[in-house]
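Raw contents of entry18.cif, mmCIF, C-alpha atoms:
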```cif
data_upload
#
loop_
_atom_site.group_PDB
_atom_site.id
_atom_site.type_symbol
_atom_site.label_atom_id
_atom_site.label_comp_id
_atom_site.auth_asym_id
_atom_site.auth_seq_id
_atom_site.Cartn_x
_atom_site.Cartn_y
_atom_site.Cartn_z
ATOM 1 C CA MET A 9 0.000 0.000 0.000
ATOM 2 C CA ALA A 10 2.854 2.354 0.767
ATOM 3 C CA ILE A 11 4.398 1.760 -2.650
ATOM 4 C CA PHE A 12 1.075 2.527 -4.362
ATOM 5 C CA SER A 13 0.761 5.696 -2.259
ATOM 6 C CA LEU A 14 4.351 6.662 -3.124
ATOM 7 C CA ILE A 15 3.727 6.257 -6.859
ATOM 8 C CA ILE A 16 0.557 8.358 -6.718
ATOM 9 C CA ASN A 17 2.215 11.090 -4.624
ATOM 10 C CA VAL A 18 5.266 11.322 -6.884
ATOM 11 C CA ALA A 19 3.069 11.458 -9.997
ATOM 12 C CA LEU A 20 0.890 14.195 -8.474
ATOM 13 C CA PHE A 21 3.869 16.309 -7.423
ATOM 14 C CA PHE A 22 5.460 15.792 -10.841
ATOM 15 C CA LEU A 23 2.306 17.020 -12.572
ATOM 16 C CA ILE A 24 1.811 19.940 -10.183
ATOM 17 C CA PHE A 25 5.341 21.272 -10.583
ATOM 18 C CA ASN A 26 5.897 20.449 -14.266
ATOM 19 C CA LEU A 27 2.554 20.791 -16.034
ATOM 20 C CA GLY A 28 3.137 24.419 -17.049
ATOM 21 C CA TYR A 29 6.667 23.658 -18.201
ATOM 22 C CA LEU A 30 5.536 20.670 -20.260
ATOM 23 C CA LYS A 31 2.774 22.718 -21.922
ATOM 24 C CA ASN A 32 5.223 25.523 -22.759
ATOM 25 C CA LYS A 33 7.821 23.050 -24.060
ATOM 26 C CA LYS A 34 5.221 21.340 -26.264
ATOM 27 C CA ALA A 35 3.981 24.637 -27.693
ATOM 28 C CA ASN A 36 7.473 26.084 -28.173
ATOM 29 C CA PRO A 37 10.327 23.574 -28.677
ATOM 30 C CA ASN A 38 12.857 26.403 -28.201
ATOM 31 C CA TYR A 39 11.627 26.981 -24.628
ATOM 32 C CA PRO A 40 14.618 26.735 -22.248
ATOM 33 C CA ASN A 41 15.201 23.378 -20.622
ATOM 34 C CA LYS A 42 14.392 22.987 -16.956
ATOM 35 C CA PRO A 43 17.237 21.631 -14.789
ATOM 36 C CA PHE A 44 16.975 17.914 -13.970
ATOM 37 C CA ALA A 45 16.881 18.641 -10.243
ATOM 38 C CA GLN A 46 13.821 20.847 -10.643
ATOM 39 C CA LEU A 47 12.204 18.615 -13.232
ATOM 40 C CA VAL A 48 12.535 15.208 -11.559
ATOM 41 C CA VAL A 49 14.406 15.246 -8.248
ATOM 42 C CA PHE A 50 12.328 17.908 -6.442
ATOM 43 C CA PRO A 51 8.930 16.239 -7.120
ATOM 44 C CA LEU A 52 10.444 12.840 -6.283
ATOM 45 C CA ILE A 53 11.757 14.032 -2.918
ATOM 46 C CA LEU A 54 8.470 15.771 -2.090
ATOM 47 C CA GLY A 55 6.525 12.617 -2.946
ATOM 48 C CA ILE A 56 8.775 10.481 -0.768
ATOM 49 C CA LEU A 57 8.571 12.899 2.176
ATOM 50 C CA PHE A 58 4.800 13.249 1.906
ATOM 51 C CA THR A 59 4.380 9.465 1.799
ATOM 52 C CA LEU A 60 6.621 9.008 4.829
ATOM 53 C CA ILE A 61 4.783 11.676 6.814
ATOM 54 C CA VAL A 62 1.370 10.205 5.986
ATOM 55 C CA ASP A 63 2.512 6.663 6.843
ATOM 56 C CA VAL A 64 4.022 7.832 10.138
ATOM 57 C CA PHE A 65 0.748 9.523 11.085
ATOM 58 C CA LYS A 66 -1.155 6.343 10.185
ATOM 59 C CA GLY A 67 1.214 4.395 12.428
ATOM 60 C CA ILE A 68 0.791 6.866 15.281
ATOM 61 C CA VAL A 69 -3.008 6.700 15.031
ATOM 62 C CA PHE A 70 -2.905 2.890 15.017
ATOM 63 C CA TYR A 71 -0.541 2.882 18.011
ATOM 64 C CA GLN A 72 -2.826 5.292 19.921
ATOM 65 C CA LEU A 73 -5.839 3.122 19.114
ATOM 66 C CA ILE A 74 -4.086 0.074 20.557
ATOM 67 C CA ILE A 75 -3.155 2.008 23.708
ATOM 68 C CA PHE A 76 -6.755 3.242 24.044
ATOM 69 C CA VAL A 77 -8.145 -0.303 23.799
ATOM 70 C CA ILE A 78 -5.655 -1.609 26.377
ATOM 71 C CA VAL A 79 -6.433 1.219 28.821
ATOM 72 C CA ALA A 80 -10.180 0.748 28.281
ATOM 73 C CA ILE A 81 -9.894 -2.971 29.077
ATOM 74 C CA ILE A 82 -7.840 -2.267 32.202
ATOM 75 C CA LEU A 83 -10.290 0.384 33.411
ATOM 76 C CA TYR A 84 -13.219 -1.955 32.749
ATOM 77 C CA PHE A 85 -11.682 -4.628 34.936
ATOM 78 C CA VAL A 86 -10.743 -2.115 37.643
ATOM 79 C CA PHE A 87 -14.181 -0.506 37.891
ATOM 80 C CA TYR A 88 -16.553 -3.389 37.074
ATOM 81 C CA LYS A 89 -14.843 -6.680 37.861
ATOM 82 C CA MET A 90 -12.930 -5.787 41.023
ATOM 83 C CA LYS A 91 -15.863 -4.448 43.023
ATOM 84 C CA PRO A 92 -15.744 -5.395 46.719
#
```
Please express what this file holds, its structure, as structure tokens.
Amino acid sequence: MAIFSLIINVALFFLIFNLGYLKNKKANPNYPNKPFAQLVVFPLILGILFTLIVDVFKGIVFYQLIIFVIVAIILYFVFYKMKP
């Protein structure tokens, strides 16, 4: 799932940052070339970082959900099963 998310994010960032350049280059072949770092590397790095951030947040939410369930079970036993 993370690989699919990475591919989508990189493609979206590539289109966002290069769509205007690609249209200008198609309309005018003499349009100046964009440096490789700006054309490919920058959208690639942004896609990777965005995917990592989103996956980390998913992991944190899952971890918090597990902690919540454990604490809820403990509190249930403390308040309802251990009555004098």
(request) For Val48 (chain A), please output as a list in words all residues within 10 Å (counting only C-alpha atoms; exclusion window: fewer than 2 positions along the same chain). (result)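 Surrounding residues, per the criterion: Val18, Phe21, Phe22, Phe25, Asn26, Lys42, Pro43, Phe44, Ala45, Gln46, Phe50, Pro51, Leu52 and Ile53 of chain A.
Atom pair CA of Tyr29 (chain A) / CA of Leu47 (chain A) has a distance of 9.0 Å (rounded to one decimal).
This file, queried with the PyMOL selection byres ((chain A and resi 54-60) around 10), gives the residues A:Ala10, A:Ile11, A:Phe12, A:Ser13, A:Leu14, A:Ile15, A:Ile16, A:Asn17, A:Val18, A:Ala19, A:Leu20, A:Phe21, A:Phe22, A:Val49, A:Phe50, A:Pro51, A:Leu52, A:Ile53, A:Ile61, A:Val62, A:Asp63, A:Val64, A:Phe65, A:Lys66.
CA of Tyr39 (chain A) is found 13.9 Å from CA of Leu27 (chain A).
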Write out as lines of an AutoDock Vina configuration file an axis-aligned box for region 74-87 of chain A: all of its atoms listed in the file, 3 Å added on each side, centre and edge lengths in Å with one decimal.
```
center_x = -8.7
center_y = -0.7
center_z = 29.2
size_x = 17.0
size_y = 13.9
size_z = 23.3
```
